[in-house]
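Okay, so here's the structure we're looking at.
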Amino acid sequence: MTAPSPVSAAAPVPRLVADQVPVLEPDQLIALSQRRYATKKYDPARTIPASHWAALEQALLYSASSSGLQPWRFLVITDRAVREQLVPHSFGQRQIADASHLVVFLARTSLDSTDIDRWLARVGEVRGTPADQIEAQRQRLTANLVTTPRPGFHAVESARYQVHIALGQFLTSAILLGIDTCAHGGFDPAAYDRLLGLDGGRYRSVVLATAGYHAANDANAHAAKVRFPLEEVVQHRASLA
Ligand SMILES: Cc1cc2nc3c(=O)[nH]c(=O)nc-3n(C[C@H](O)[C@H](O)[C@H](O)COP(=O)(O)O)c2cc1C
């Protein structure tokens with residue numbers, strides 16, 4: 001039997017190899033969950049190595065999305081001069097410019113049958129799904145998401161919250177690599193959309209993340225985590241009310 005090829009940060013990982021990657025022990029997961037924190041001050045001299053960043057891009061790629069439709073784009077900005085121009089539109093937050101990388105999470109502002117067709121064409125290409133099954137999926141998804149969605153379902157609103165799933169995946173993935181992050185809701189999306197040339201397009205900025213390495217004097221780095229008691233937040237139910 002040949003050994004599995006090393007996991008490359010640049011190429012998609014074959015599922016067989018992915019299944020063989022060692023998983024964390026529970027205490028390691030708890031420790032890493034506590035290690036991740038909202039970084040307030042980055043060390044501007046430190047840059048995320050290219051291989052680590054490439055892996056984080058794949059973590060974004062593999063985020064979960066409803067029906068697999070991936071209603072997003074992730075804009076990566078490393079140029080510091082560009083990011084300096086964004087600081088005034090980010091409540092003056094220095095992390096935007098001082099981090100190694102900035103990601104602007106964009107959500108799709110509409111959903112129509114061409115999005116579903118494109119997704120299903122990709123399913124057929126990657127998985128070789130027979131045409132009749134693709135057609136059945138097309139009819140189901142088009143009905144559920146476009147022509148007769150259930151009351152209260154809004155595709156655009158759904159895209160906005162799904163982008164936050166990718167944000168969570170990004171924050172968690174980064175700390176697994178020892179990379180610090182901060183989520184940023186504190187910015188002016190309209191200004192970002194204008195400055196980034198997104199106006200008139202199908203994607204809008206929703207939330208940001210910065211990534212890099214914290215400065216030695218970031219007071220938040222060792223501050224106690226403030227959370228409500230676990231048993232209040234996570235409740236177990238053995239029966240219905
Ligand atoms: C959607 C979202 C938006 C946030 N926006 C900001 C922000 O603009 N600036 C900031 O410094 N932290 C921001 N945070 C970080 C939170 O303040 C932080 O996660 C929270 O206080 C819990 O602390 P911890 O992440 O260190 O455990 C944001 C977090 C989330 C999830």
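Residue numbers start at 1 in each chain; chains themselves are named A, B, ... in the order of the structure tokens; ligands are numbered from 1 in the order shown.
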
I'd like the neighbourhood of A:Ala38 as a PDB file with N, CA and C atoms, in the first residue's frame, where a residue qualifies if any of its atoms comes within 7 Å (using only C-alpha atoms), though same-chain residues fewer than 5 positions away should be ignored.
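Writing the result to around_29.pdb gives the following:
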ATOM      1  N   THR A 181      -6.578  36.305  15.245  1.00  0.00           N
ATOM      2  CA  THR A 181      -7.580  36.928  14.377  1.00  0.00           C
ATOM      3  C   THR A 181      -8.449  37.881  15.174  1.00  0.00           C
ATOM      4  N   CYS A 182      -9.207  38.668  14.444  1.00  0.00           N
ATOM      5  CA  CYS A 182     -10.306  39.418  15.043  1.00  0.00           C
ATOM      6  C   CYS A 182     -11.405  39.555  13.995  1.00  0.00           C
ATOM      7  N   ALA A 183     -12.640  39.342  14.408  1.00  0.00           N
ATOM      8  CA  ALA A 183     -13.785  39.647  13.536  1.00  0.00           C
ATOM      9  C   ALA A 183     -14.068  41.133  13.674  1.00  0.00           C
TER      10      ALA A 183
END

Contacts of stretch 135-147 of chain A at 12 Å (only C-alpha atoms; same-chain gap of 6+ positions) as a count of residues only
25

Option closest in space to ligand 1, from A:Thr148, A:Ser173, A:Ser33, A:Thr109 [counting only C-alpha atoms and all ligand atoms]:
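Selected residue with least distance to ligand 1: A:Ser33.
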
Would you return as a PDB file with N, CA and C atoms, in the first residue's frame the members of stretch 79-207 of chain A that DSSP assigns to helix (DSSP H, G or I) on this structure's backbone?
ATOM      1  N   ARG A  80      -0.660  47.217   2.577  1.00  0.00           N
ATOM      2  CA  ARG A  80      -0.887  48.055   3.760  1.00  0.00           C
ATOM      3  C   ARG A  80      -1.410  49.438   3.397  1.00  0.00           C
ATOM      4  N   ALA A  81      -0.931  49.992   2.280  1.00  0.00           N
ATOM      5  CA  ALA A  81      -1.390  51.329   1.886  1.00  0.00           C
ATOM      6  C   ALA A  81      -2.895  51.299   1.613  1.00  0.00           C
ATOM      7  N   VAL A  82      -3.353  50.227   0.987  1.00  0.00           N
ATOM      8  CA  VAL A  82      -4.793  50.079   0.726  1.00  0.00           C
ATOM      9  C   VAL A  82      -5.544  49.981   2.051  1.00  0.00           C
ATOM     10  N   ARG A  83      -4.987  49.191   2.956  1.00  0.00           N
ATOM     11  CA  ARG A  83      -5.687  48.986   4.233  1.00  0.00           C
ATOM     12  C   ARG A  83      -5.688  50.257   5.082  1.00  0.00           C
ATOM     13  N   GLU A  84      -4.615  51.059   4.972  1.00  0.00           N
ATOM     14  CA  GLU A  84      -4.603  52.345   5.698  1.00  0.00           C
ATOM     15  C   GLU A  84      -5.794  53.198   5.265  1.00  0.00           C
ATOM     16  N   GLN A  85      -6.128  53.129   3.974  1.00  0.00           N
ATOM     17  CA  GLN A  85      -7.258  53.920   3.474  1.00  0.00           C
ATOM     18  C   GLN A  85      -8.594  53.412   4.006  1.00  0.00           C
ATOM     19  N   LEU A  86      -8.605  52.147   4.436  1.00  0.00           N
ATOM     20  CA  LEU A  86      -9.854  51.574   4.954  1.00  0.00           C
ATOM     21  C   LEU A  86     -10.041  51.837   6.455  1.00  0.00           C
ATOM     22  N   VAL A  87      -8.942  52.154   7.162  1.00  0.00           N
ATOM     23  CA  VAL A  87      -9.031  52.376   8.620  1.00  0.00           C
ATOM     24  C   VAL A  87     -10.084  53.422   8.987  1.00  0.00           C
ATOM     25  N   PRO A  88     -10.127  54.598   8.308  1.00  0.00           N
ATOM     26  CA  PRO A  88     -11.150  55.592   8.686  1.00  0.00           C
ATOM     27  C   PRO A  88     -12.573  55.099   8.469  1.00  0.00           C
ATOM     28  N   HIS A  89     -12.736  54.085   7.637  1.00  0.00           N
ATOM     29  CA  HIS A  89     -14.076  53.535   7.380  1.00  0.00           C
ATOM     30  C   HIS A  89     -14.324  52.278   8.225  1.00  0.00           C
ATOM     31  N   GLN A  95      -6.313  47.486  13.792  1.00  0.00           N
ATOM     32  CA  GLN A  95      -6.085  46.094  13.363  1.00  0.00           C
ATOM     33  C   GLN A  95      -6.197  45.959  11.843  1.00  0.00           C
ATOM     34  N   ILE A  96      -7.052  46.779  11.240  1.00  0.00           N
ATOM     35  CA  ILE A  96      -7.291  46.676   9.789  1.00  0.00           C
ATOM     36  C   ILE A  96      -5.985  46.838   9.007  1.00  0.00           C
ATOM     37  N   ALA A  97      -5.146  47.776   9.451  1.00  0.00           N
ATOM     38  CA  ALA A  97      -3.878  48.034   8.743  1.00  0.00           C
ATOM     39  C   ALA A  97      -2.707  47.255   9.331  1.00  0.00           C
ATOM     40  N   ASP A  98      -2.734  46.995  10.644  1.00  0.00           N
ATOM     41  CA  ASP A  98      -1.564  46.405  11.307  1.00  0.00           C
ATOM     42  C   ASP A  98      -1.505  44.882  11.206  1.00  0.00           C
ATOM     43  N   SER A 113     -32.199  31.284 -10.756  1.00  0.00           N
ATOM     44  CA  SER A 113     -32.037  29.904 -11.235  1.00  0.00           C
ATOM     45  C   SER A 113     -30.672  29.683 -11.892  1.00  0.00           C
ATOM     46  N   THR A 114     -30.050  30.745 -12.387  1.00  0.00           N
ATOM     47  CA  THR A 114     -28.727  30.540 -13.006  1.00  0.00           C
ATOM     48  C   THR A 114     -27.685  30.153 -11.952  1.00  0.00           C
ATOM     49  N   ASP A 115     -27.863  30.648 -10.704  1.00  0.00           N
ATOM     50  CA  ASP A 115     -26.944  30.259  -9.622  1.00  0.00           C
ATOM     51  C   ASP A 115     -27.084  28.769  -9.324  1.00  0.00           C
ATOM     52  N   ILE A 116     -28.322  28.310  -9.344  1.00  0.00           N
ATOM     53  CA  ILE A 116     -28.575  26.887  -9.075  1.00  0.00           C
ATOM     54  C   ILE A 116     -28.038  26.037 -10.225  1.00  0.00           C
ATOM     55  N   ASP A 117     -28.254  26.495 -11.447  1.00  0.00           N
ATOM     56  CA  ASP A 117     -27.749  25.748 -12.614  1.00  0.00           C
ATOM     57  C   ASP A 117     -26.219  25.645 -12.565  1.00  0.00           C
ATOM     58  N   ARG A 118     -25.576  26.735 -12.214  1.00  0.00           N
ATOM     59  CA  ARG A 118     -24.105  26.736 -12.188  1.00  0.00           C
ATOM     60  C   ARG A 118     -23.592  25.778 -11.120  1.00  0.00           C
ATOM     61  N   TRP A 119     -24.265  25.801  -9.953  1.00  0.00           N
ATOM     62  CA  TRP A 119     -23.874  24.906  -8.860  1.00  0.00           C
ATOM     63  C   TRP A 119     -24.046  23.447  -9.278  1.00  0.00           C
ATOM     64  N   LEU A 120     -25.169  23.141  -9.915  1.00  0.00           N
ATOM     65  CA  LEU A 120     -25.429  21.750 -10.289  1.00  0.00           C
ATOM     66  C   LEU A 120     -24.519  21.293 -11.423  1.00  0.00           C
ATOM     67  N   ALA A 121     -24.133  22.213 -12.286  1.00  0.00           N
ATOM     68  CA  ALA A 121     -23.152  21.865 -13.325  1.00  0.00           C
ATOM     69  C   ALA A 121     -21.833  21.458 -12.661  1.00  0.00           C
ATOM     70  N   ARG A 122     -21.502  22.165 -11.588  1.00  0.00           N
ATOM     71  CA  ARG A 122     -20.272  21.862 -10.853  1.00  0.00           C
ATOM     72  C   ARG A 122     -20.385  20.504 -10.142  1.00  0.00           C
ATOM     73  N   VAL A 123     -21.560  20.237  -9.583  1.00  0.00           N
ATOM     74  CA  VAL A 123     -21.791  18.932  -8.936  1.00  0.00           C
ATOM     75  C   VAL A 123     -21.575  17.813  -9.958  1.00  0.00           C
ATOM     76  N   GLY A 124     -22.155  17.988 -11.134  1.00  0.00           N
ATOM     77  CA  GLY A 124     -22.018  16.976 -12.180  1.00  0.00           C
ATOM     78  C   GLY A 124     -20.562  16.787 -12.580  1.00  0.00           C
ATOM     79  N   GLU A 125     -19.855  17.900 -12.692  1.00  0.00           N
ATOM     80  CA  GLU A 125     -18.445  17.870 -13.099  1.00  0.00           C
ATOM     81  C   GLU A 125     -17.582  17.145 -12.058  1.00  0.00           C
ATOM     82  N   VAL A 126     -17.803  17.473 -10.783  1.00  0.00           N
ATOM     83  CA  VAL A 126     -16.932  16.941  -9.722  1.00  0.00           C
ATOM     84  C   VAL A 126     -17.311  15.515  -9.361  1.00  0.00           C
ATOM     85  N   ARG A 127     -18.620  15.237  -9.280  1.00  0.00           N
ATOM     86  CA  ARG A 127     -19.057  13.929  -8.779  1.00  0.00           C
ATOM     87  C   ARG A 127     -19.561  12.990  -9.862  1.00  0.00           C
ATOM     88  N   ALA A 131     -27.441  12.775 -15.131  1.00  0.00           N
ATOM     89  CA  ALA A 131     -28.231  13.943 -15.537  1.00  0.00           C
ATOM     90  C   ALA A 131     -29.630  13.940 -14.932  1.00  0.00           C
ATOM     91  N   ASP A 132     -30.252  12.743 -14.793  1.00  0.00           N
ATOM     92  CA  ASP A 132     -31.623  12.738 -14.249  1.00  0.00           C
ATOM     93  C   ASP A 132     -31.640  13.158 -12.779  1.00  0.00           C
ATOM     94  N   GLN A 133     -30.589  12.770 -12.049  1.00  0.00           N
ATOM     95  CA  GLN A 133     -30.515  13.186 -10.641  1.00  0.00           C
ATOM     96  C   GLN A 133     -30.260  14.695 -10.524  1.00  0.00           C
ATOM     97  N   ILE A 134     -29.423  15.195 -11.423  1.00  0.00           N
ATOM     98  CA  ILE A 134     -29.149  16.647 -11.433  1.00  0.00           C
ATOM     99  C   ILE A 134     -30.444  17.407 -11.719  1.00  0.00           C
ATOM    100  N   GLU A 135     -31.222  16.895 -12.664  1.00  0.00           N
ATOM    101  CA  GLU A 135     -32.472  17.566 -13.026  1.00  0.00           C
ATOM    102  C   GLU A 135     -33.451  17.569 -11.848  1.00  0.00           C
ATOM    103  N   ALA A 136     -33.522  16.444 -11.130  1.00  0.00           N
ATOM    104  CA  ALA A 136     -34.414  16.377  -9.959  1.00  0.00           C
ATOM    105  C   ALA A 136     -33.956  17.392  -8.900  1.00  0.00           C
ATOM    106  N   GLN A 137     -32.652  17.483  -8.700  1.00  0.00           N
ATOM    107  CA  GLN A 137     -32.122  18.463  -7.731  1.00  0.00           C
ATOM    108  C   GLN A 137     -32.417  19.888  -8.189  1.00  0.00           C
ATOM    109  N   ARG A 138     -32.284  20.103  -9.496  1.00  0.00           N
ATOM    110  CA  ARG A 138     -32.521  21.450 -10.029  1.00  0.00           C
ATOM    111  C   ARG A 138     -33.959  21.879  -9.760  1.00  0.00           C
ATOM    112  N   GLN A 139     -34.895  20.969 -10.009  1.00  0.00           N
ATOM    113  CA  GLN A 139     -36.310  21.314  -9.795  1.00  0.00           C
ATOM    114  C   GLN A 139     -36.587  21.570  -8.316  1.00  0.00           C
ATOM    115  N   ARG A 140     -36.010  20.734  -7.447  1.00  0.00           N
ATOM    116  CA  ARG A 140     -36.249  20.884  -6.010  1.00  0.00           C
ATOM    117  C   ARG A 140     -35.664  22.194  -5.491  1.00  0.00           C
ATOM    118  N   LEU A 141     -34.394  22.456  -5.861  1.00  0.00           N
ATOM    119  CA  LEU A 141     -33.735  23.674  -5.354  1.00  0.00           C
ATOM    120  C   LEU A 141     -34.391  24.934  -5.909  1.00  0.00           C
ATOM    121  N   THR A 142     -34.750  24.899  -7.192  1.00  0.00           N
ATOM    122  CA  THR A 142     -35.374  26.086  -7.797  1.00  0.00           C
ATOM    123  C   THR A 142     -36.704  26.378  -7.111  1.00  0.00           C
ATOM    124  N   ALA A 143     -37.488  25.329  -6.823  1.00  0.00           N
ATOM    125  CA  ALA A 143     -38.766  25.531  -6.132  1.00  0.00           C
ATOM    126  C   ALA A 143     -38.530  26.054  -4.718  1.00  0.00           C
ATOM    127  N   ASN A 144     -37.607  25.410  -3.980  1.00  0.00           N
ATOM    128  CA  ASN A 144     -37.406  25.767  -2.570  1.00  0.00           C
ATOM    129  C   ASN A 144     -36.776  27.136  -2.382  1.00  0.00           C
ATOM    130  N   LEU A 145     -35.927  27.539  -3.318  1.00  0.00           N
ATOM    131  CA  LEU A 145     -35.138  28.756  -3.087  1.00  0.00           C
ATOM    132  C   LEU A 145     -35.566  29.931  -3.954  1.00  0.00           C
ATOM    133  N   VAL A 146     -36.191  29.662  -5.106  1.00  0.00           N
ATOM    134  CA  VAL A 146     -36.463  30.761  -6.040  1.00  0.00           C
ATOM    135  C   VAL A 146     -37.968  30.951  -6.276  1.00  0.00           C
ATOM    136  N   THR A 147     -38.647  29.911  -6.753  1.00  0.00           N
ATOM    137  CA  THR A 147     -40.034  30.123  -7.192  1.00  0.00           C
ATOM    138  C   THR A 147     -41.045  30.056  -6.044  1.00  0.00           C
ATOM    139  N   ALA A 155     -33.515  34.666   0.527  1.00  0.00           N
ATOM    140  CA  ALA A 155     -32.222  34.184   0.030  1.00  0.00           C
ATOM    141  C   ALA A 155     -31.098  35.160   0.353  1.00  0.00           C
ATOM    142  N   VAL A 156     -31.388  36.450   0.263  1.00  0.00           N
ATOM    143  CA  VAL A 156     -30.330  37.445   0.481  1.00  0.00           C
ATOM    144  C   VAL A 156     -29.942  37.502   1.954  1.00  0.00           C
ATOM    145  N   GLU A 157     -30.949  37.493   2.815  1.00  0.00           N
ATOM    146  CA  GLU A 157     -30.678  37.484   4.252  1.00  0.00           C
ATOM    147  C   GLU A 157     -29.926  36.207   4.621  1.00  0.00           C
ATOM    148  N   SER A 158     -30.337  35.105   4.033  1.00  0.00           N
ATOM    149  CA  SER A 158     -29.690  33.822   4.283  1.00  0.00           C
ATOM    150  C   SER A 158     -28.210  33.881   3.885  1.00  0.00           C
ATOM    151  N   ALA A 159     -27.913  34.538   2.771  1.00  0.00           N
ATOM    152  CA  ALA A 159     -26.513  34.646   2.332  1.00  0.00           C
ATOM    153  C   ALA A 159     -25.700  35.418   3.371  1.00  0.00           C
ATOM    154  N   ARG A 160     -26.303  36.435   3.949  1.00  0.00           N
ATOM    155  CA  ARG A 160     -25.586  37.246   4.939  1.00  0.00           C
ATOM    156  C   ARG A 160     -25.242  36.436   6.189  1.00  0.00           C
ATOM    157  N   TYR A 161     -26.174  35.607   6.652  1.00  0.00           N
ATOM    158  CA  TYR A 161     -25.798  34.836   7.856  1.00  0.00           C
ATOM    159  C   TYR A 161     -24.885  33.674   7.516  1.00  0.00           C
ATOM    160  N   GLN A 162     -25.019  33.150   6.298  1.00  0.00           N
ATOM    161  CA  GLN A 162     -24.105  32.066   5.934  1.00  0.00           C
ATOM    162  C   GLN A 162     -22.653  32.550   5.857  1.00  0.00           C
ATOM    163  N   VAL A 163     -22.483  33.801   5.463  1.00  0.00           N
ATOM    164  CA  VAL A 163     -21.127  34.374   5.425  1.00  0.00           C
ATOM    165  C   VAL A 163     -20.498  34.348   6.821  1.00  0.00           C
ATOM    166  N   HIS A 164     -21.342  34.475   7.847  1.00  0.00           N
ATOM    167  CA  HIS A 164     -20.813  34.425   9.215  1.00  0.00           C
ATOM    168  C   HIS A 164     -20.362  33.009   9.604  1.00  0.00           C
ATOM    169  N   ILE A 165     -20.917  32.009   8.940  1.00  0.00           N
ATOM    170  CA  ILE A 165     -20.420  30.646   9.171  1.00  0.00           C
ATOM    171  C   ILE A 165     -18.983  30.550   8.656  1.00  0.00           C
ATOM    172  N   ALA A 166     -18.759  31.128   7.489  1.00  0.00           N
ATOM    173  CA  ALA A 166     -17.392  31.143   6.943  1.00  0.00           C
ATOM    174  C   ALA A 166     -16.461  31.946   7.852  1.00  0.00           C
ATOM    175  N   LEU A 167     -16.992  33.024   8.419  1.00  0.00           N
ATOM    176  CA  LEU A 167     -16.187  33.818   9.362  1.00  0.00           C
ATOM    177  C   LEU A 167     -15.769  32.944  10.546  1.00  0.00           C
ATOM    178  N   GLY A 168     -16.726  32.211  11.109  1.00  0.00           N
ATOM    179  CA  GLY A 168     -16.412  31.342  12.243  1.00  0.00           C
ATOM    180  C   GLY A 168     -15.390  30.279  11.875  1.00  0.00           C
ATOM    181  N   GLN A 169     -15.563  29.712  10.699  1.00  0.00           N
ATOM    182  CA  GLN A 169     -14.605  28.694  10.247  1.00  0.00           C
ATOM    183  C   GLN A 169     -13.206  29.307  10.119  1.00  0.00           C
ATOM    184  N   PHE A 170     -13.169  30.534   9.627  1.00  0.00           N
ATOM    185  CA  PHE A 170     -11.878  31.212   9.450  1.00  0.00           C
ATOM    186  C   PHE A 170     -11.204  31.449  10.805  1.00  0.00           C
ATOM    187  N   LEU A 171     -11.957  31.976  11.764  1.00  0.00           N
ATOM    188  CA  LEU A 171     -11.375  32.289  13.074  1.00  0.00           C
ATOM    189  C   LEU A 171     -10.847  31.014  13.738  1.00  0.00           C
ATOM    190  N   THR A 172     -11.635  29.959  13.674  1.00  0.00           N
ATOM    191  CA  THR A 172     -11.240  28.705  14.316  1.00  0.00           C
ATOM    192  C   THR A 172     -10.046  28.075  13.595  1.00  0.00           C
ATOM    193  N   SER A 173     -10.093  28.086  12.277  1.00  0.00           N
ATOM    194  CA  SER A 173      -8.999  27.476  11.506  1.00  0.00           C
ATOM    195  C   SER A 173      -7.686  28.199  11.781  1.00  0.00           C
ATOM    196  N   ALA A 174      -7.770  29.522  11.871  1.00  0.00           N
ATOM    197  CA  ALA A 174      -6.541  30.296  12.079  1.00  0.00           C
ATOM    198  C   ALA A 174      -5.864  29.898  13.382  1.00  0.00           C
ATOM    199  N   ILE A 175      -6.638  29.762  14.453  1.00  0.00           N
ATOM    200  CA  ILE A 175      -5.984  29.468  15.740  1.00  0.00           C
ATOM    201  C   ILE A 175      -5.415  28.057  15.737  1.00  0.00           C
ATOM    202  N   LEU A 176      -5.982  27.174  14.930  1.00  0.00           N
ATOM    203  CA  LEU A 176      -5.399  25.825  14.817  1.00  0.00           C
ATOM    204  C   LEU A 176      -3.985  25.903  14.235  1.00  0.00           C
ATOM    205  N   PRO A 189     -20.026  49.391   5.650  1.00  0.00           N
ATOM    206  CA  PRO A 189     -20.101  48.532   4.459  1.00  0.00           C
ATOM    207  C   PRO A 189     -20.294  49.327   3.167  1.00  0.00           C
ATOM    208  N   ALA A 190     -21.074  50.414   3.238  1.00  0.00           N
ATOM    209  CA  ALA A 190     -21.309  51.197   2.009  1.00  0.00           C
ATOM    210  C   ALA A 190     -19.996  51.810   1.510  1.00  0.00           C
ATOM    211  N   ALA A 191     -19.180  52.314   2.454  1.00  0.00           N
ATOM    212  CA  ALA A 191     -17.884  52.897   2.061  1.00  0.00           C
ATOM    213  C   ALA A 191     -16.963  51.820   1.495  1.00  0.00           C
ATOM    214  N   TYR A 192     -16.945  50.659   2.143  1.00  0.00           N
ATOM    215  CA  TYR A 192     -16.120  49.561   1.640  1.00  0.00           C
ATOM    216  C   TYR A 192     -16.551  49.170   0.223  1.00  0.00           C
ATOM    217  N   ASP A 193     -17.865  49.048   0.034  1.00  0.00           N
ATOM    218  CA  ASP A 193     -18.364  48.629  -1.281  1.00  0.00           C
ATOM    219  C   ASP A 193     -17.948  49.637  -2.351  1.00  0.00           C
ATOM    220  N   ARG A 194     -18.014  50.906  -1.976  1.00  0.00           N
ATOM    221  CA  ARG A 194     -17.649  51.957  -2.942  1.00  0.00           C
ATOM    222  C   ARG A 194     -16.148  51.887  -3.232  1.00  0.00           C
ATOM    223  N   LEU A 195     -15.335  51.861  -2.171  1.00  0.00           N
ATOM    224  CA  LEU A 195     -13.879  51.897  -2.355  1.00  0.00           C
ATOM    225  C   LEU A 195     -13.355  50.642  -3.048  1.00  0.00           C
TER     226      LEU A 195
END

Go through the chains and note each residue within 8 Å of ligand 1, using only C-alpha atoms and all ligand atoms, then give the set as a list in words.
Gln34, Arg36, Tyr37, Ala38, Thr39, Lys40, Ser90, Phe91, Gln93, Gln95, His164, Gly168, Cys182, Ala183, His184, Gly185, Gly186, Phe187, Val207, Leu208, Asn220, Lys225 and Val226 of chain A
